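*Asks:* Data: start.cif, mmCIF, C-alpha atoms.
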```cif
data_input
#
loop_
_atom_site.label_atom_id
_atom_site.label_comp_id
_atom_site.auth_asym_id
_atom_site.auth_seq_id
_atom_site.Cartn_x
_atom_site.Cartn_y
_atom_site.Cartn_z
CA MET A 1 63.48 102.18 74.25
CA SER A 2 62.62 104.42 77.16
CA GLU A 3 59.48 106.49 77.40
CA GLU A 4 61.46 109.68 76.87
CA GLN A 5 62.99 108.33 73.69
CA ALA A 6 59.65 107.22 72.38
CA VAL A 7 58.18 110.64 72.97
CA ALA A 8 61.08 112.62 71.63
CA GLY A 9 61.92 110.20 68.86
CA ALA A 10 65.60 110.75 69.48
CA PRO A 11 68.27 108.46 70.83
CA ALA A 12 69.09 108.89 74.49
CA ALA A 13 72.27 110.69 75.35
CA PRO A 14 75.01 108.25 76.28
CA ARG A 15 75.31 107.74 80.01
CA VAL A 16 78.49 109.37 81.20
CA GLU A 17 80.43 107.62 83.91
CA ARG A 18 82.13 110.18 86.05
CA ARG A 19 84.83 109.15 88.42
CA VAL A 20 86.21 111.22 91.25
CA ARG A 21 89.38 112.77 89.98
CA ARG A 22 92.02 111.70 92.48
CA ARG A 23 95.65 112.60 92.29
CA GLY A 24 96.76 109.03 92.88
CA PRO A 25 99.76 107.49 94.68
CA LEU A 26 102.32 109.46 92.69
CA SER A 27 101.11 112.52 94.56
CA TRP A 28 102.63 111.03 97.71
CA ILE A 29 106.08 111.91 96.48
CA ASP A 30 105.17 114.88 94.31
CA VAL A 31 106.52 117.72 96.42
CA ARG A 32 105.92 120.51 93.91
CA GLY A 33 104.22 123.33 95.73
CA ARG A 34 104.19 121.42 99.01
CA ARG A 35 105.16 122.78 102.40
CA LEU A 36 107.32 121.32 105.14
CA GLY A 37 104.71 118.82 106.33
CA GLY A 38 104.22 117.65 102.75
CA TRP A 39 107.96 117.17 102.31
CA ALA A 40 108.09 115.21 105.55
CA PHE A 41 105.21 113.02 104.38
CA ALA A 42 106.90 112.38 101.01
CA LEU A 43 110.19 111.60 102.71
CA ASN A 44 108.47 109.18 105.06
CA ARG A 45 106.74 107.35 102.21
CA ALA A 46 109.89 107.16 100.07
CA THR A 47 112.14 106.00 102.90
CA GLY A 48 109.49 103.59 104.15
CA LEU A 49 109.34 101.91 100.77
CA GLY A 50 113.15 101.96 100.57
CA VAL A 51 113.57 100.35 103.97
CA LEU A 52 110.98 97.71 103.06
CA LEU A 53 112.92 96.94 99.89
CA TYR A 54 116.12 96.69 101.92
CA LEU A 55 114.48 94.23 104.30
CA TYR A 56 113.80 91.84 101.43
CA LEU A 57 117.29 92.36 100.00
CA HIS A 58 118.71 91.63 103.43
CA LEU A 59 116.84 88.34 103.59
CA VAL A 60 118.13 87.41 100.13
CA VAL A 61 121.70 88.22 101.20
CA LEU A 62 121.35 86.19 104.39
CA SER A 63 120.23 83.25 102.30
CA LEU A 64 123.77 83.21 100.86
CA LEU A 65 124.86 81.67 104.15
CA ALA A 66 123.15 78.50 103.05
CA GLY A 67 125.68 78.34 100.20
CA GLY A 68 128.59 77.88 102.58
CA PRO A 69 131.68 79.99 103.44
CA SER A 70 132.80 80.57 99.87
CA SER A 71 129.46 82.04 98.92
CA TRP A 72 129.44 84.33 101.94
CA ASP A 73 133.08 85.41 101.53
CA GLY A 74 132.35 86.33 97.95
CA PHE A 75 129.56 88.59 99.08
CA ILE A 76 131.73 90.22 101.76
CA LEU A 77 134.26 91.15 99.10
CA ILE A 78 131.53 92.96 97.21
CA ALA A 79 130.10 94.51 100.37
CA THR A 80 133.35 96.27 101.22
CA ASN A 81 133.55 97.88 97.79
CA PRO A 82 133.24 101.71 98.11
CA LEU A 83 130.30 101.74 95.71
CA PHE A 84 128.46 99.27 97.91
CA LEU A 85 129.28 101.39 100.94
CA VAL A 86 127.45 104.28 99.31
CA LEU A 87 124.36 102.08 99.50
CA ASP A 88 125.03 101.59 103.20
CA VAL A 89 125.10 105.35 103.63
CA VAL A 90 121.83 105.66 101.72
CA LEU A 91 120.35 103.01 104.00
CA LEU A 92 121.54 104.93 107.05
CA PHE A 93 119.85 108.04 105.69
CA GLY A 94 116.61 106.15 105.09
CA LEU A 95 116.57 104.60 108.55
CA LEU A 96 117.28 107.89 110.27
CA ALA A 97 114.77 109.86 108.24
CA HIS A 98 112.01 107.29 108.63
CA GLY A 99 112.72 106.58 112.30
CA LEU A 100 113.03 110.16 113.48
CA ASN A 101 110.10 111.38 111.44
CA GLY A 102 108.17 108.41 112.77
CA ILE A 103 108.75 109.68 116.30
CA ARG A 104 107.57 113.13 115.22
CA VAL A 105 104.46 111.73 113.56
CA SER A 106 103.69 109.59 116.61
CA LEU A 107 103.96 112.55 118.97
CA VAL A 108 101.93 114.86 116.77
CA GLY A 109 99.49 112.16 115.77
CA LEU A 110 98.43 111.57 119.34
CA GLY A 111 97.71 115.23 119.82
CA ILE A 112 100.96 115.99 121.63
CA ILE A 113 102.71 119.25 120.65
CA VAL A 114 100.65 119.56 117.48
CA ASP A 115 101.39 123.24 117.11
CA ARG A 116 105.13 122.54 117.17
CA GLN A 117 105.21 119.98 114.40
CA ARG A 118 107.43 122.12 112.17
CA ALA A 119 109.89 122.87 114.96
CA LEU A 120 109.92 119.18 115.77
CA PHE A 121 110.78 118.34 112.17
CA VAL A 122 113.63 120.83 112.15
CA ALA A 123 114.95 119.55 115.48
CA PHE A 124 114.88 115.92 114.33
CA PHE A 125 116.40 116.93 111.01
CA ILE A 126 119.37 118.51 112.79
CA ILE A 127 119.80 115.50 115.07
CA GLY A 128 119.48 113.13 112.14
CA PHE A 129 121.94 115.08 110.03
CA ILE A 130 124.60 114.98 112.77
CA VAL A 131 124.11 111.25 113.35
CA PHE A 132 124.12 110.69 109.59
CA LEU A 133 127.45 112.51 109.17
CA ILE A 134 129.06 110.57 112.02
CA GLY A 135 127.70 107.31 110.67
CA ALA A 136 128.82 108.00 107.10
CA VAL A 137 132.33 108.88 108.22
CA ARG A 138 132.52 105.72 110.30
CA ILE A 139 131.21 103.51 107.49
CA PHE A 140 133.90 104.72 105.10
CA GLY A 141 136.55 105.20 107.80
CA GLU A 142 136.41 101.71 109.21
CA THR A 143 136.54 100.14 105.80
CA GLY A 144 139.35 102.43 104.73
CA GLY A 145 141.28 101.43 107.83
CA GLY A 146 140.83 97.79 106.96
CA MET B 1 75.48 126.10 89.78
CA THR B 2 78.38 126.61 87.44
CA GLU B 3 77.98 130.22 86.49
CA GLN B 4 76.36 133.05 88.32
CA ALA B 5 74.85 136.30 87.24
CA THR B 6 77.35 138.31 89.21
CA THR B 7 80.27 136.90 87.33
CA ASP B 8 80.93 139.57 84.84
CA GLN B 9 79.86 142.63 86.74
CA ARG B 10 83.37 143.11 87.95
CA SER B 11 85.33 141.80 85.04
CA ALA B 12 83.43 143.07 82.06
CA GLY B 13 86.43 142.85 79.77
CA GLN B 14 89.96 141.77 79.58
CA ALA B 15 92.91 144.05 80.26
CA GLN B 16 93.74 145.99 77.15
CA PRO B 17 97.29 145.50 75.87
CA GLY B 18 99.34 148.56 76.59
CA ALA B 19 101.42 150.13 79.30
CA GLY B 20 101.37 148.08 82.47
CA THR B 21 100.07 144.94 80.81
CA ARG B 22 101.75 141.81 79.56
CA THR B 23 100.57 138.61 78.00
CA VAL B 24 100.46 135.42 80.02
CA THR B 25 99.71 131.99 78.58
CA PHE B 26 97.17 130.01 80.59
CA HIS B 27 97.18 126.24 80.13
CA VAL B 28 93.66 125.37 81.23
CA SER B 29 92.34 121.87 81.92
CA ARG B 30 89.42 121.03 79.63
CA SER B 31 87.09 118.08 79.69
CA LYS B 32 83.46 117.68 78.73
CA ARG B 33 81.06 114.85 79.45
CA GLY B 34 83.58 112.47 80.92
CA GLU B 35 86.29 113.03 78.29
CA ASP B 36 89.86 112.56 79.39
CA PRO B 37 91.11 115.98 80.42
CA HIS B 38 93.54 117.85 78.24
CA ARG B 39 95.03 121.28 78.50
CA GLN B 40 94.17 124.13 76.16
CA SER B 41 96.33 127.24 75.93
CA PHE B 42 95.00 130.77 75.96
CA GLU B 43 96.93 133.99 75.83
CA VAL B 44 95.52 136.64 78.10
CA PRO B 45 96.73 140.20 78.67
CA VAL B 46 97.09 140.80 82.39
CA GLU B 47 97.86 143.78 84.53
CA ALA B 48 99.11 144.20 88.07
CA ARG B 49 95.80 143.41 89.76
CA THR B 50 94.56 140.68 87.46
CA THR B 51 93.60 137.53 89.34
CA VAL B 52 93.43 134.04 87.92
CA LEU B 53 89.65 134.26 88.13
CA ASP B 54 89.71 137.48 86.10
CA ALA B 55 91.79 135.68 83.49
CA MET B 56 89.43 132.68 83.35
CA ILE B 57 86.41 134.96 82.94
CA SER B 58 88.25 136.89 80.27
CA ILE B 59 88.92 133.67 78.37
CA ARG B 60 85.30 132.69 78.57
CA ARG B 61 84.06 136.08 77.43
CA HIS B 62 86.57 136.82 74.71
CA GLN B 63 88.02 133.54 73.51
CA ASP B 64 85.96 130.48 74.36
CA PRO B 65 82.45 130.77 75.80
CA THR B 66 82.39 127.03 76.52
CA LEU B 67 84.97 127.30 79.28
CA THR B 68 83.19 126.28 82.47
CA LEU B 69 84.16 127.53 85.88
CA ARG B 70 82.42 128.11 89.18
CA HIS B 71 82.63 131.36 91.10
CA SER B 72 80.56 133.83 93.01
CA CYS B 73 81.79 136.33 95.58
CA PHE B 74 85.21 137.49 94.27
CA HIS B 75 86.57 137.93 97.80
CA ALA B 76 87.42 134.51 99.20
CA SER B 77 84.17 134.09 101.09
CA CYS B 78 82.16 131.64 99.04
CA GLY B 79 84.87 129.07 98.33
CA THR B 80 83.46 128.21 94.92
CA CYS B 81 86.46 129.18 92.77
CA ALA B 82 88.98 126.76 94.31
CA MET B 83 91.37 125.51 91.63
CA ARG B 84 94.83 124.04 91.25
CA ILE B 85 96.97 126.87 90.00
CA ASN B 86 100.46 125.92 88.90
CA GLY B 87 99.92 122.65 90.73
CA ARG B 88 99.03 124.31 93.98
CA GLU B 89 95.55 124.69 95.39
CA GLY B 90 94.13 128.15 95.89
CA LEU B 91 91.14 130.41 95.40
CA ALA B 92 91.33 131.86 91.91
CA CYS B 93 89.64 135.09 93.02
CA VAL B 94 92.49 136.07 95.31
CA THR B 95 95.41 134.58 93.38
CA ASN B 96 97.21 137.40 91.67
CA VAL B 97 98.72 136.42 88.32
CA GLU B 98 101.72 138.72 88.69
CA GLU B 99 102.58 137.20 92.04
CA LEU B 100 102.73 133.76 90.44
CA GLY B 101 105.62 134.96 88.28
CA GLY B 102 106.52 133.54 84.88
CA ASP B 103 104.78 133.77 81.55
CA THR B 104 102.71 130.62 81.85
CA VAL B 105 100.13 129.48 84.36
CA THR B 106 98.47 126.07 84.55
CA VAL B 107 94.92 125.88 85.85
CA ASP B 108 93.24 122.60 86.82
CA PRO B 109 90.14 121.71 88.82
CA ILE B 110 90.64 120.69 92.42
CA ALA B 111 91.18 116.99 92.96
CA ASN B 112 89.79 114.31 95.29
CA ALA B 113 86.56 116.15 96.11
CA GLY B 114 84.35 114.80 93.32
CA ALA B 115 84.14 114.00 89.64
CA VAL B 116 84.91 116.69 87.13
CA ILE B 117 81.66 117.80 85.56
CA SER B 118 83.15 120.13 83.02
CA ASP B 119 86.52 121.86 82.64
CA LEU B 120 87.26 123.45 86.03
CA VAL B 121 84.08 122.37 87.79
CA SER B 122 83.86 119.34 90.07
CA ASP B 123 80.59 118.17 91.55
CA MET B 124 82.08 117.99 95.09
CA SER B 125 79.77 115.15 96.03
CA ALA B 126 82.58 112.96 97.34
CA MET B 127 83.59 115.64 99.81
CA PHE B 128 80.10 116.65 100.87
CA GLY B 129 79.11 113.02 101.17
CA HIS B 130 81.53 112.77 104.08
CA TYR B 131 80.80 116.24 105.35
CA ALA B 132 77.03 116.23 105.66
CA PRO B 133 76.66 113.47 108.29
CA MET B 134 78.55 115.59 110.81
CA GLU B 135 75.51 117.87 111.02
CA ARG B 136 77.06 120.93 112.55
CA PRO B 137 74.27 122.20 114.81
CA LEU B 138 75.67 125.68 115.20
CA VAL B 139 74.81 129.23 114.39
CA ARG B 140 77.35 131.70 113.15
CA PRO B 141 77.99 134.71 115.42
CA SER B 142 76.66 136.90 112.61
CA GLU B 143 73.37 135.03 112.84
CA LEU B 144 72.84 135.81 116.50
CA GLY B 145 70.07 138.22 117.34
CA PRO B 146 70.73 141.81 118.46
CA GLY B 147 72.21 141.94 121.94
CA SER B 148 72.64 138.20 122.19
CA ARG B 149 75.96 136.54 122.84
CA PRO B 150 77.43 133.23 121.85
CA ALA B 151 77.30 130.66 124.61
CA GLU B 152 80.29 130.39 126.89
CA GLY B 153 83.13 128.56 125.18
CA VAL B 154 81.92 129.24 121.66
CA ALA B 155 84.33 132.03 120.79
CA GLU B 156 87.26 129.67 120.64
CA LEU B 157 85.48 127.61 118.01
CA GLU B 158 84.98 130.34 115.50
CA ARG B 159 88.07 129.35 113.62
CA PHE B 160 86.49 126.12 112.50
CA GLU B 161 83.31 127.92 111.63
CA ASP B 162 85.39 129.86 109.11
CA CYS B 163 85.37 126.85 106.80
CA ILE B 164 84.06 127.97 103.40
CA GLU B 165 83.78 124.39 102.12
CA CYS B 166 85.97 125.10 99.12
CA GLY B 167 87.50 121.61 99.04
CA ILE B 168 91.09 122.83 98.93
CA CYS B 169 92.02 120.81 102.01
CA VAL B 170 90.65 117.66 100.40
CA SER B 171 92.39 118.38 97.10
CA VAL B 172 95.77 118.89 98.72
CA CYS B 173 95.51 115.90 101.08
CA PRO B 174 97.79 113.01 100.03
CA ILE B 175 95.51 110.48 101.72
CA SER B 176 92.36 111.71 100.01
CA ALA B 177 94.38 111.35 96.81
CA THR B 178 94.23 107.57 97.08
CA ASP B 179 91.58 106.61 99.62
CA ALA B 180 87.96 107.17 98.62
CA ARG B 181 86.71 106.08 102.04
CA TYR B 182 88.83 108.56 103.97
CA LEU B 183 86.52 111.13 105.55
CA GLY B 184 88.95 113.90 104.71
CA PRO B 185 90.10 117.02 106.51
CA ALA B 186 86.96 119.12 105.94
CA ALA B 187 84.58 116.58 107.44
CA LEU B 188 86.90 115.82 110.34
CA ALA B 189 87.35 119.51 111.17
CA ALA B 190 83.56 119.75 111.24
CA ALA B 191 83.42 116.73 113.54
CA TRP B 192 85.83 118.33 115.99
CA ARG B 193 83.75 121.46 116.04
CA VAL B 194 80.69 119.43 116.93
CA VAL B 195 82.57 117.47 119.59
CA VAL B 196 83.87 120.50 121.47
CA ASP B 197 80.92 122.81 121.14
CA PRO B 198 79.39 123.27 124.60
CA ARG B 199 75.88 123.33 123.09
CA THR B 200 76.30 120.01 121.30
CA ALA B 201 73.78 117.53 122.63
CA ASP B 202 75.32 114.43 121.12
CA ALA B 203 79.09 114.75 120.80
CA GLU B 204 79.35 110.97 120.95
CA ARG B 205 77.72 110.66 117.57
CA ALA B 206 80.26 112.90 115.84
CA MET B 207 83.07 111.25 117.77
CA ALA B 208 81.90 107.82 116.68
CA LEU B 209 81.75 108.96 113.05
CA ALA B 210 85.31 110.28 113.22
CA ASP B 211 86.90 107.58 115.37
CA VAL B 212 87.09 104.94 112.64
CA ASP B 213 89.87 103.46 110.51
CA HIS B 214 89.11 105.74 107.58
CA GLY B 215 88.54 108.70 109.84
CA ILE B 216 91.02 110.32 112.19
CA TRP B 217 93.39 107.36 112.16
CA ARG B 218 93.88 107.48 108.40
CA CYS B 219 95.50 110.94 108.46
CA HIS B 220 99.27 110.78 107.99
CA THR B 221 100.00 114.24 109.36
CA ALA B 222 101.22 115.94 106.22
CA PHE B 223 99.55 119.14 107.47
CA GLU B 224 98.99 120.24 103.88
CA CYS B 225 95.31 120.91 104.65
CA THR B 226 96.14 123.39 107.36
CA GLU B 227 98.83 125.06 105.27
CA ALA B 228 96.65 125.38 102.18
CA CYS B 229 93.39 126.45 103.82
CA PRO B 230 92.53 129.94 102.53
CA SER B 231 90.32 130.59 105.53
CA ASN B 232 92.84 129.77 108.26
CA VAL B 233 90.88 126.80 109.49
CA ASP B 234 93.20 124.21 110.97
CA PRO B 235 91.85 120.82 109.85
CA ALA B 236 95.04 118.96 110.76
CA GLY B 237 94.95 120.44 114.25
CA ALA B 238 91.31 119.38 114.53
CA ILE B 239 92.18 115.83 113.51
CA MET B 240 94.99 115.66 116.05
CA ASN B 241 92.65 117.01 118.73
CA LEU B 242 90.10 114.34 117.81
CA ARG B 243 92.81 111.71 118.09
CA ARG B 244 93.82 112.94 121.50
CA ALA B 245 90.17 112.89 122.61
CA ALA B 246 89.67 109.42 121.12
CA THR B 247 92.79 108.10 122.83
CA ARG B 248 91.65 109.44 126.20
CA ARG B 249 88.21 108.03 125.58
CA ARG B 250 89.61 104.59 124.87
CA LEU B 251 91.90 104.71 127.87
CA ARG B 252 88.97 105.67 130.06
CA GLY B 253 87.04 102.78 128.58
CA LEU B 254 89.87 100.39 129.39
CA LEU B 255 90.02 101.69 132.96
CA GLY B 256 86.29 101.24 133.39
CA GLY B 257 85.28 104.89 133.15
CA SER B 258 82.70 106.47 130.91
CA ARG B 259 83.84 106.89 127.32
CA SER B 260 81.50 109.78 126.77
CA GLU B 261 83.20 112.22 129.13
CA ARG B 262 84.74 115.12 127.23
#
```
Turn this file's structure into structure tokens for me.
*Replies:*
Amino acid sequence: MSEEQAVAGAPAAPRVERRVRRRGPLSWIDVRGRRLGGWAFALNRATGLGVLLYLYLHLVVLSLLAGGPSSWDGFILIATNPLFLVLDVVLLFGLLAHGLNGIRVSLVGLGIIVDRQRALFVAFFIIGFIVFLIGAVRIFGETGGG
Amino acid sequence: MTEQATTDQRSAGQAQPGAGTRTVTFHVSRSKRGEDPHRQSFEVPVEARTTVLDAMISIRRHQDPTLTLRHSCFHASCGTCAMRINGREGLACVTNVEELGGDTVTVDPIANAGAVISDLVSDMSAMFGHYAPMERPLVRPSELGPGSRPAEGVAELERFEDCIECGICVSVCPISATDARYLGPAALAAAWRVVVDPRTADAERAMALADVDHGIWRCHTAFECTEACPSNVDPAGAIMNLRRAATRRRLRGLLGGSRSER
């Protein structure tokens, strides 16, 4: 019993543990109320995680080669399915978004054209969108053409 | 200080229902003595000029005197009434309820700056713990004596001096949201101010504090701090300037020059 308790004759108030209230990792992709830079940050995190996931999937797919030609040919049949091609288009989007925004972040992050970061995002967005459209058309076109 | 004597001088009562008023439901974050926070709803009549701070004071005066909030100046100078309003950081004293639109408003304490003491009040110690070591050795222009002038080169720094230490930049920062060791935008903006001030005797010290893994290099350039700052300080710009200075400094070091040159 502490001195204060002995004097007051009352139990001590429970010690309250207070933790800093942080918004946590979900806030990375929570774009509600966020501005352009926040959207770019969220996009970079989401596409970064997506590309990382793809890397592991890619390694798993490559491991099919160890199963011989029949195993690989079976996968190729699936890979040319239009539904699978949609995933290719999503991958293209992720690579473009992450790569181009990465260039923007690198330029701005080293103190180069800091005050033009929004314009830079818009410029890279336009470039990325054009490349994405061309790429998507080619992905479906080449497969459609056999 | 969670309440101040000036609080109710301006907002002695709530808007009376009638012409020009409507009722808005405020979902206010409540937590006492380390409880998990929950939201409590209050209906408040508001009029065209009612601010979120007016509404919070009205709740405390007319509905629940245990609602705790921090405020002082009522004109965006003191920075004490920073809150998350509809999920977006802002100063409650200058956030007009009508401009928010809708019939409901959520009000939460700012995040990432410290533990919530009670309801809408955080202790801010996490933020100030990073902020204090920067030791800004400056005087505000308003503190200069009659007829005196700021030293040459000081005028361009006034923007950073505008920081009202409200914690909004820290609350909105996605890195501060997950990294307790990150110095945060407020402290780094202060560091930049120290580094570039022509009167600073020891810029190296501030530079060394900022040029660490959990300092300038931890920022991921979301620019939310700059966008959200109610005082037009540009913390993200300050961080990028510090990075540029740090990069030059390191390059000079690699080339055999002095790292302390500005």
*Asks:* Please evaluate the PyMOL selection byres ((chain B) within 8 of (chain A)) against the structure above and give the resulting residues as a PyMOL selection string.
*Replies:* chain B and resi 33-34+87-88+111-117+126+174+176-178+220-224+227+237+240-244+247
*Asks:* With C-alpha atoms retained, could you export that selection as a PDB file, keeping the file's coordinate frame?
*Replies:*
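Writing done, so here's selection-v9.pdb:
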```pdb
ATOM      1  CA  ARG B  33      81.060 114.850  79.450  1.00  0.00           C
ATOM      2  CA  GLY B  34      83.580 112.470  80.920  1.00  0.00           C
ATOM      3  CA  GLY B  87      99.920 122.650  90.730  1.00  0.00           C
ATOM      4  CA  ARG B  88      99.030 124.310  93.980  1.00  0.00           C
ATOM      5  CA  ALA B 111      91.180 116.990  92.960  1.00  0.00           C
ATOM      6  CA  ASN B 112      89.790 114.310  95.290  1.00  0.00           C
ATOM      7  CA  ALA B 113      86.560 116.150  96.110  1.00  0.00           C
ATOM      8  CA  GLY B 114      84.350 114.800  93.320  1.00  0.00           C
ATOM      9  CA  ALA B 115      84.140 114.000  89.640  1.00  0.00           C
ATOM     10  CA  VAL B 116      84.910 116.690  87.130  1.00  0.00           C
ATOM     11  CA  ILE B 117      81.660 117.800  85.560  1.00  0.00           C
ATOM     12  CA  ALA B 126      82.580 112.960  97.340  1.00  0.00           C
ATOM     13  CA  PRO B 174      97.790 113.010 100.030  1.00  0.00           C
ATOM     14  CA  SER B 176      92.360 111.710 100.010  1.00  0.00           C
ATOM     15  CA  ALA B 177      94.380 111.350  96.810  1.00  0.00           C
ATOM     16  CA  THR B 178      94.230 107.570  97.080  1.00  0.00           C
ATOM     17  CA  HIS B 220      99.270 110.780 107.990  1.00  0.00           C
ATOM     18  CA  THR B 221     100.000 114.240 109.360  1.00  0.00           C
ATOM     19  CA  ALA B 222     101.220 115.940 106.220  1.00  0.00           C
ATOM     20  CA  PHE B 223      99.550 119.140 107.470  1.00  0.00           C
ATOM     21  CA  GLU B 224      98.990 120.240 103.880  1.00  0.00           C
ATOM     22  CA  GLU B 227      98.830 125.060 105.270  1.00  0.00           C
ATOM     23  CA  GLY B 237      94.950 120.440 114.250  1.00  0.00           C
ATOM     24  CA  MET B 240      94.990 115.660 116.050  1.00  0.00           C
ATOM     25  CA  ASN B 241      92.650 117.010 118.730  1.00  0.00           C
ATOM     26  CA  LEU B 242      90.100 114.340 117.810  1.00  0.00           C
ATOM     27  CA  ARG B 243      92.810 111.710 118.090  1.00  0.00           C
ATOM     28  CA  ARG B 244      93.820 112.940 121.500  1.00  0.00           C
ATOM     29  CA  THR B 247      92.790 108.100 122.830  1.00  0.00           C
TER      30      THR B 247
END
```
*Asks:* Apply the PyMOL selection byres ((chain B and resi 89) around 8) to the displayed file and report the matching residues as a PyMOL selection string.
*Replies:* chain B and resi 82-85+87-88+90-91+110+168+171-172+228
*Asks:* Suppose we keep C-alpha atoms; can you now write the selection as a PDB file, in the coordinates of the input?
*Replies:*
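Output contents, as saved in selection_27.pdb:
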```pdb
ATOM      1  CA  ALA B  82      88.980 126.760  94.310  1.00  0.00           C
ATOM      2  CA  MET B  83      91.370 125.510  91.630  1.00  0.00           C
ATOM      3  CA  ARG B  84      94.830 124.040  91.250  1.00  0.00           C
ATOM      4  CA  ILE B  85      96.970 126.870  90.000  1.00  0.00           C
ATOM      5  CA  GLY B  87      99.920 122.650  90.730  1.00  0.00           C
ATOM      6  CA  ARG B  88      99.030 124.310  93.980  1.00  0.00           C
ATOM      7  CA  GLY B  90      94.130 128.150  95.890  1.00  0.00           C
ATOM      8  CA  LEU B  91      91.140 130.410  95.400  1.00  0.00           C
ATOM      9  CA  ILE B 110      90.640 120.690  92.420  1.00  0.00           C
ATOM     10  CA  ILE B 168      91.090 122.830  98.930  1.00  0.00           C
ATOM     11  CA  SER B 171      92.390 118.380  97.100  1.00  0.00           C
ATOM     12  CA  VAL B 172      95.770 118.890  98.720  1.00  0.00           C
ATOM     13  CA  ALA B 228      96.650 125.380 102.180  1.00  0.00           C
TER      14      ALA B 228
END
```
*Asks:* Between atom CA of Ala66 of chain A and atom CA of Thr80 of chain A, what is the distance, to one decimal in Å?
*Replies:*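 Calculated distance between atom CA of Ala66 of chain A and atom CA of Thr80 of chain A is 20.6 Å.
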*Asks:* Select, from A:Ala79, A:Leu59, A:Ile103, A:Leu95, the residue with the minimum atom-to-atom distance to Leu120 of chain A, counting only C-alpha atoms.
*Replies:*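 Among the listed residues, A:Ile103 lies closest to Leu120 of chain A.
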*Asks:* Atom CA of Val107 of chain B and atom CA of Phe26 of chain B, how far apart in Å?
*Replies:*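 Atom CA of Val107 of chain B lies 7.1 Å from atom CA of Phe26 of chain B.
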*Asks:* Determine the residue set returned by the PyMOL selection byres ((chain B and resi 218) around 10) for the present structure, and present it as a ChimeraX atom specification.
*Replies:* /B:175-176,179,181-184,211-217,219-221,239
